[in-house]
>>> print(open('run_12.txt').read())   # compact mmCIF, C-alpha atoms
# COMPACT_ATOMS: atom_id res chain seq x y z
CA VAL A 1 19.51 11.04 27.23
CA LEU A 2 22.10 8.62 28.53
CA SER A 3 25.17 10.41 27.15
CA GLY A 4 24.04 13.86 28.29
CA THR A 5 24.28 15.19 24.72
CA GLU A 6 21.61 16.67 22.50
CA TRP A 7 20.58 14.96 19.26
CA GLU A 8 18.98 16.45 16.20
CA ILE A 9 16.52 13.96 14.76
CA ASP A 10 14.26 14.37 11.75
CA ALA A 11 11.07 13.26 13.49
CA LYS A 12 9.74 11.10 16.27
CA GLY A 13 6.75 8.83 16.39
CA ILE A 14 4.74 7.46 19.27
CA GLN A 15 3.45 3.88 19.22
CA GLU A 16 -0.29 3.77 19.85
CA ALA A 17 -0.18 0.48 21.73
CA ASN A 18 2.26 1.49 24.47
CA GLY A 19 3.26 5.15 24.00
CA ALA A 20 6.87 4.21 23.21
CA THR A 21 9.00 6.69 21.24
CA ILE A 22 10.26 5.84 17.75
CA VAL A 23 13.12 7.82 16.18
CA ILE A 24 12.59 8.65 12.48
CA GLU A 25 15.59 9.52 10.32
CA CYS A 26 15.47 10.53 6.65
CA ARG A 27 18.52 9.90 4.49
CA ARG A 28 18.57 11.09 0.88
CA TYR A 29 21.83 9.39 -0.10
CA LYS A 30 22.87 8.48 -3.64
CA ASN A 31 24.09 5.05 -2.52
CA ALA A 32 22.67 2.28 -0.38
CA LEU A 33 22.76 3.06 3.34
CA ASN A 34 25.81 1.46 4.88
CA GLN A 35 26.51 -0.15 8.23
CA GLU A 36 28.03 3.04 9.68
CA ALA A 37 24.95 5.12 8.82
CA LEU A 38 22.62 2.61 10.49
CA ALA A 39 24.91 2.25 13.50
CA ALA A 40 24.64 6.03 14.05
CA VAL A 41 20.84 5.79 13.99
CA ALA A 42 20.95 2.77 16.32
CA TYR A 43 23.11 4.69 18.79
CA ARG A 44 20.70 7.65 18.81
CA ILE A 45 17.81 5.28 19.47
CA HIS A 46 19.68 3.72 22.38
CA ASP A 47 20.91 7.05 23.78
CA VAL A 48 17.45 8.69 23.87
CA GLY A 49 15.79 5.54 25.21
CA ALA A 50 13.52 5.01 22.20
CA ALA A 51 11.90 1.65 21.47
CA GLY A 52 13.11 1.58 17.87
CA GLY A 53 13.41 3.59 14.73
CA ILE A 54 12.47 4.12 11.13
CA THR A 55 14.87 5.12 8.37
CA VAL A 56 13.48 6.65 5.19
CA SER A 57 15.56 6.74 2.02
CA PRO A 58 15.25 6.23 -1.73
CA MET A 59 18.11 3.73 -1.45
CA PRO A 60 18.15 0.21 -0.01
CA LEU A 61 20.25 -0.98 2.93
CA GLN A 62 23.63 -2.61 2.38
CA LYS A 63 24.05 -6.09 3.86
CA GLY A 64 25.77 -4.89 7.06
CA ALA A 65 23.23 -2.09 7.49
CA ALA A 66 20.39 -4.60 7.22
CA LYS A 67 21.96 -6.61 10.06
CA VAL A 68 22.29 -3.49 12.26
CA SER A 69 18.70 -2.56 11.41
CA ALA A 70 17.34 -5.97 12.37
CA ALA A 71 19.33 -6.11 15.61
CA ASN A 72 18.14 -2.66 16.74
CA ASN A 73 14.43 -2.66 15.84
CA ILE A 74 14.87 -0.24 12.93
CA GLN A 75 12.37 -0.50 10.08
CA HIS A 76 13.63 0.73 6.70
CA VAL A 77 11.20 2.55 4.39
CA ARG A 78 12.42 2.89 0.82
CA LEU A 79 10.56 5.89 -0.59
CA THR A 80 10.76 6.36 -4.36
CA PRO A 81 12.80 9.46 -5.32
CA GLU A 82 9.94 11.04 -7.26
CA SER A 83 7.56 10.85 -4.29
CA THR A 84 5.78 14.03 -3.18
CA LYS A 85 3.37 14.82 -0.34
CA GLU A 86 0.50 14.27 -2.78
CA GLN A 87 1.72 11.08 -4.51
CA TRP A 88 4.16 8.58 -3.09
CA ALA A 89 5.28 4.98 -3.30
CA ALA A 90 7.30 3.15 -0.66
CA HIS A 91 8.74 -0.31 -0.04
CA ILE A 92 8.05 -1.21 3.58
CA GLY A 93 9.28 -4.67 4.45
CA SER A 94 8.30 -6.94 1.58
CA ALA A 95 5.23 -4.87 0.61
CA MET A 96 4.80 -1.90 -1.70
CA HIS A 97 2.58 0.92 -0.42
CA TYR A 98 1.09 3.79 -2.42
CA GLY A 99 -0.51 7.06 -1.43
CA ILE A 100 -2.37 9.66 -3.43
CA THR A 101 -4.13 12.84 -2.42
CA MET A 102 -7.15 13.76 -4.49
CA ARG A 103 -8.78 17.15 -4.40
CA SER A 104 -12.32 17.91 -5.41
CA GLU A 105 -14.72 20.76 -5.02
CA VAL A 106 -18.10 20.37 -3.44
CA LYS A 107 -20.86 22.87 -4.07
CA VAL A 108 -23.44 22.99 -1.31
CA MET A 109 -26.92 23.95 -2.37
CA ALA A 110 -29.79 24.63 -0.04
CA SER A 111 -32.56 22.28 -1.13
CA MET A 112 -34.67 19.53 0.36
CA HIS A 113 -36.82 16.71 -0.96
CA ALA A 114 -39.07 14.86 1.48
CA GLN A 115 -41.67 12.11 1.11
CA LEU A 116 -44.24 10.86 3.60
CA ILE A 117 -44.93 7.19 2.90
CA ARG A 118 -47.81 5.19 4.41
CA GLY A 119 -48.54 1.62 3.49
CA GLY A 120 -45.83 1.66 0.84
CA LYS A 121 -47.40 4.62 -1.00
CA VAL A 122 -46.25 8.24 -1.12
CA VAL A 123 -49.01 10.27 0.51
CA GLU A 124 -47.23 13.60 0.69
CA GLU A 125 -44.21 15.04 -1.07
CA ARG A 126 -42.42 18.33 -0.51
CA ASN A 127 -39.60 20.07 -2.39
CA GLU A 128 -37.97 23.22 -1.08
CA GLY A 129 -35.11 25.25 -2.49
>>> encode(input="run_12.txt", output="structure tokens")
Amino acid sequence: VLSGTEWEIDAKGIQEANGATIVIECRRYKNALNQEALAAVAYRIHDVGAAGGITVSPMPLQKGAAKVSAANNIQHVRLTPESTKEQWAAHIGSAMHYGITMRSEVKVMASMHAQLIRGGKVVEERNEG
């Protein structure tokens, strides 16, 4: 840390390609994120030596915040307010992304069906279980 201070961040990511650190900050504001909010994230990124950052919020970026974001390698993810861990929707760049978790039950039964085929004909068949 360049400043010698400690920072509380929401999460960090690691880029697969080069192992670089990405700072992830979540902001549940009721208004669009402003320039000051993004400048604070940009400073944290710089101070900890991260390669960039991601902000997550249900709100868009204000014009000045978008400029700070672009200049500091910060990607903004606009997560819909009603999103949950199981179902979510997010604007990332110019694309909309959706996620859903589905649960199902699988019953495993011990049984087997086997066929021995010679010359295209079943010559032996066995069922167990």
>>> residues_near_point(input="run_12.txt", point="(20.0, -0.7, 12.3)", cutoff="12 Å", atoms="all atoms listed in the file", output="PDB file with C-alpha atoms, keeping the file's coordinate frame")
ATOM      1  CA  VAL A  23      13.120   7.820  16.180  1.00  0.00           C
ATOM      2  CA  ILE A  24      12.590   8.650  12.480  1.00  0.00           C
ATOM      3  CA  GLU A  25      15.590   9.520  10.320  1.00  0.00           C
ATOM      4  CA  LEU A  33      22.760   3.060   3.340  1.00  0.00           C
ATOM      5  CA  ASN A  34      25.810   1.460   4.880  1.00  0.00           C
ATOM      6  CA  GLN A  35      26.510  -0.150   8.230  1.00  0.00           C
ATOM      7  CA  GLU A  36      28.030   3.040   9.680  1.00  0.00           C
ATOM      8  CA  ALA A  37      24.950   5.120   8.820  1.00  0.00           C
ATOM      9  CA  LEU A  38      22.620   2.610  10.490  1.00  0.00           C
ATOM     10  CA  ALA A  39      24.910   2.250  13.500  1.00  0.00           C
ATOM     11  CA  ALA A  40      24.640   6.030  14.050  1.00  0.00           C
ATOM     12  CA  VAL A  41      20.840   5.790  13.990  1.00  0.00           C
ATOM     13  CA  ALA A  42      20.950   2.770  16.320  1.00  0.00           C
ATOM     14  CA  TYR A  43      23.110   4.690  18.790  1.00  0.00           C
ATOM     15  CA  ARG A  44      20.700   7.650  18.810  1.00  0.00           C
ATOM     16  CA  ILE A  45      17.810   5.280  19.470  1.00  0.00           C
ATOM     17  CA  HIS A  46      19.680   3.720  22.380  1.00  0.00           C
ATOM     18  CA  GLY A  52      13.110   1.580  17.870  1.00  0.00           C
ATOM     19  CA  GLY A  53      13.410   3.590  14.730  1.00  0.00           C
ATOM     20  CA  ILE A  54      12.470   4.120  11.130  1.00  0.00           C
ATOM     21  CA  THR A  55      14.870   5.120   8.370  1.00  0.00           C
ATOM     22  CA  LEU A  61      20.250  -0.980   2.930  1.00  0.00           C
ATOM     23  CA  GLN A  62      23.630  -2.610   2.380  1.00  0.00           C
ATOM     24  CA  LYS A  63      24.050  -6.090   3.860  1.00  0.00           C
ATOM     25  CA  GLY A  64      25.770  -4.890   7.060  1.00  0.00           C
ATOM     26  CA  ALA A  65      23.230  -2.090   7.490  1.00  0.00           C
ATOM     27  CA  ALA A  66      20.390  -4.600   7.220  1.00  0.00           C
ATOM     28  CA  LYS A  67      21.960  -6.610  10.060  1.00  0.00           C
ATOM     29  CA  VAL A  68      22.290  -3.490  12.260  1.00  0.00           C
ATOM     30  CA  SER A  69      18.700  -2.560  11.410  1.00  0.00           C
ATOM     31  CA  ALA A  70      17.340  -5.970  12.370  1.00  0.00           C
ATOM     32  CA  ALA A  71      19.330  -6.110  15.610  1.00  0.00           C
ATOM     33  CA  ASN A  72      18.140  -2.660  16.740  1.00  0.00           C
ATOM     34  CA  ASN A  73      14.430  -2.660  15.840  1.00  0.00           C
ATOM     35  CA  ILE A  74      14.870  -0.240  12.930  1.00  0.00           C
ATOM     36  CA  GLN A  75      12.370  -0.500  10.080  1.00  0.00           C
ATOM     37  CA  HIS A  76      13.630   0.730   6.700  1.00  0.00           C
TER      38      HIS A  76
END
>>> residues_around(input="run_12.txt", residues="region 90-106 of chain A", least_positions_apart="2", cutoff="7 Å", atoms="all atoms listed in the file", output="mmCIF file with C-alpha atoms, keeping the file's coordinate frame")
data_model
loop_
_atom_site.group_PDB
_atom_site.id
_atom_site.type_symbol
_atom_site.label_atom_id
_atom_site.label_comp_id
_atom_site.auth_asym_id
_atom_site.auth_seq_id
_atom_site.Cartn_x
_atom_site.Cartn_y
_atom_site.Cartn_z
ATOM 1 C CA HIS A 76 13.630 0.730 6.700
ATOM 2 C CA VAL A 77 11.200 2.550 4.390
ATOM 3 C CA ARG A 78 12.420 2.890 0.820
ATOM 4 C CA LEU A 79 10.560 5.890 -0.590
ATOM 5 C CA THR A 80 10.760 6.360 -4.360
ATOM 6 C CA GLU A 86 0.500 14.270 -2.780
ATOM 7 C CA GLN A 87 1.720 11.080 -4.510
ATOM 8 C CA TRP A 88 4.160 8.580 -3.090
ATOM 9 C CA VAL A 108 -23.440 22.990 -1.310
#
>>> atom_distance(input="run_12.txt", atom1="CA of Glu6 (chain A)", atom2="CA of Pro58 (chain A)")
27.1 Å
>>> atom_distance(input="run_12.txt", atom1="CA of Arg28 (chain A)", atom2="CA of Ile9 (chain A)")
14.3 Å
>>> atom_distance(input="run_12.txt", atom1="CA of Lys107 (chain A)", atom2="CA of Asn127 (chain A)")
19.0 Å
>>> closest_residue(input="run_12.txt", among="A:Arg27, A:Lys85, A:Arg118, A:Lys12", to="Ala50 (chain A)", atoms="all atoms listed in the file")
A:Lys12
>>> closest_residue(input="run_12.txt", among="A:Ala114, A:Ala51, A:Met59, A:Ile14", to="Asn31 (chain A)", atoms="all atoms listed in the file")
A:Met59
>>> closest_residue(input="run_12.txt", among="A:Ile117, A:Met112, A:Leu2, A:Ala32", to="Pro60 (chain A)", atoms="only C-alpha atoms")
A:Ala32
>>> axis_aligned_box(input="run_12.txt", around="region 2-21 of chain A", padding_each_side="3 Å", output="AutoDock Vina command-line options")
--center_x 12.4 --center_y 8.6 --center_z 20.1 --size_x 31.5 --size_y 22.2 --size_z 22.8
>>> build_atoms(input="run_12.txt", residues="region 17-41 of chain A", atoms="N, CA, C and O atoms", output="short mmCIF file (atom, residue, chain, number, x, y, z; two decimals), keeping the file's coordinate frame")
data_model
loop_
_atom_site.label_atom_id
_atom_site.label_comp_id
_atom_site.auth_asym_id
_atom_site.auth_seq_id
_atom_site.Cartn_x
_atom_site.Cartn_y
_atom_site.Cartn_z
N ALA A 17 0.05 1.56 20.78
CA ALA A 17 -0.18 0.48 21.73
C ALA A 17 0.39 0.76 23.12
O ALA A 17 -0.24 0.46 24.13
N ASN A 18 1.60 1.35 23.17
CA ASN A 18 2.26 1.49 24.47
C ASN A 18 2.86 2.87 24.74
O ASN A 18 3.48 3.08 25.77
N GLY A 19 2.73 3.81 23.80
CA GLY A 19 3.26 5.15 24.00
C GLY A 19 4.76 5.27 23.85
O GLY A 19 5.34 6.30 24.16
N ALA A 20 5.41 4.21 23.36
CA ALA A 20 6.87 4.21 23.21
C ALA A 20 7.29 5.16 22.08
O ALA A 20 6.59 5.33 21.09
N THR A 21 8.45 5.77 22.23
CA THR A 21 9.00 6.69 21.24
C THR A 21 9.74 5.93 20.15
O THR A 21 10.46 4.96 20.42
N ILE A 22 9.56 6.38 18.91
CA ILE A 22 10.26 5.84 17.75
C ILE A 22 11.01 6.99 17.09
O ILE A 22 10.43 8.03 16.79
N VAL A 23 12.30 6.82 16.85
CA VAL A 23 13.12 7.82 16.18
C VAL A 23 12.97 7.63 14.67
O VAL A 23 13.07 6.50 14.17
N ILE A 24 12.75 8.72 13.94
CA ILE A 24 12.59 8.65 12.48
C ILE A 24 13.69 9.49 11.84
O ILE A 24 13.83 10.68 12.14
N GLU A 25 14.47 8.86 10.99
CA GLU A 25 15.59 9.52 10.32
C GLU A 25 15.44 9.40 8.81
O GLU A 25 15.22 8.31 8.29
N CYS A 26 15.56 10.51 8.11
CA CYS A 26 15.47 10.53 6.65
C CYS A 26 16.87 10.70 6.07
O CYS A 26 17.62 11.58 6.50
N ARG A 27 17.20 9.89 5.10
CA ARG A 27 18.52 9.90 4.49
C ARG A 27 18.38 9.89 2.97
O ARG A 27 17.99 8.90 2.39
N ARG A 28 18.67 11.01 2.34
CA ARG A 28 18.57 11.09 0.88
C ARG A 28 19.98 10.91 0.29
O ARG A 28 20.57 11.84 -0.26
N TYR A 29 20.51 9.72 0.43
CA TYR A 29 21.83 9.39 -0.10
C TYR A 29 21.72 8.92 -1.54
O TYR A 29 20.65 8.52 -1.99
N LYS A 30 22.85 8.96 -2.25
CA LYS A 30 22.87 8.48 -3.64
C LYS A 30 23.29 7.02 -3.72
O LYS A 30 23.24 6.42 -4.78
N ASN A 31 23.69 6.46 -2.59
CA ASN A 31 24.09 5.05 -2.52
C ASN A 31 23.30 4.36 -1.42
O ASN A 31 22.71 5.02 -0.57
N ALA A 32 23.34 3.05 -1.43
CA ALA A 32 22.67 2.28 -0.38
C ALA A 32 23.21 2.69 0.99
O ALA A 32 24.38 3.01 1.13
N LEU A 33 22.33 2.70 1.99
CA LEU A 33 22.76 3.06 3.34
C LEU A 33 23.70 1.99 3.87
O LEU A 33 23.39 0.80 3.80
N ASN A 34 24.82 2.42 4.41
CA ASN A 34 25.81 1.46 4.88
C ASN A 34 25.69 1.19 6.38
O ASN A 34 24.89 1.81 7.08
N GLN A 35 26.51 0.29 6.84
CA GLN A 35 26.51 -0.15 8.23
C GLN A 35 26.78 1.01 9.18
O GLN A 35 26.14 1.12 10.23
N GLU A 36 27.71 1.89 8.83
CA GLU A 36 28.03 3.04 9.68
C GLU A 36 26.83 3.97 9.85
O GLU A 36 26.56 4.45 10.95
N ALA A 37 26.11 4.22 8.76
CA ALA A 37 24.95 5.12 8.82
C ALA A 37 23.87 4.54 9.74
O ALA A 37 23.27 5.26 10.54
N LEU A 38 23.63 3.23 9.64
CA LEU A 38 22.62 2.61 10.49
C LEU A 38 23.09 2.48 11.93
O LEU A 38 22.28 2.60 12.85
N ALA A 39 24.38 2.30 12.14
CA ALA A 39 24.91 2.25 13.50
C ALA A 39 24.72 3.59 14.20
O ALA A 39 24.41 3.64 15.40
N ALA A 40 24.86 4.69 13.47
CA ALA A 40 24.64 6.03 14.05
C ALA A 40 23.19 6.19 14.47
O ALA A 40 22.90 6.72 15.55
N VAL A 41 22.26 5.73 13.64
CA VAL A 41 20.84 5.79 13.99
C VAL A 41 20.57 4.90 15.21
O VAL A 41 19.87 5.29 16.14
#
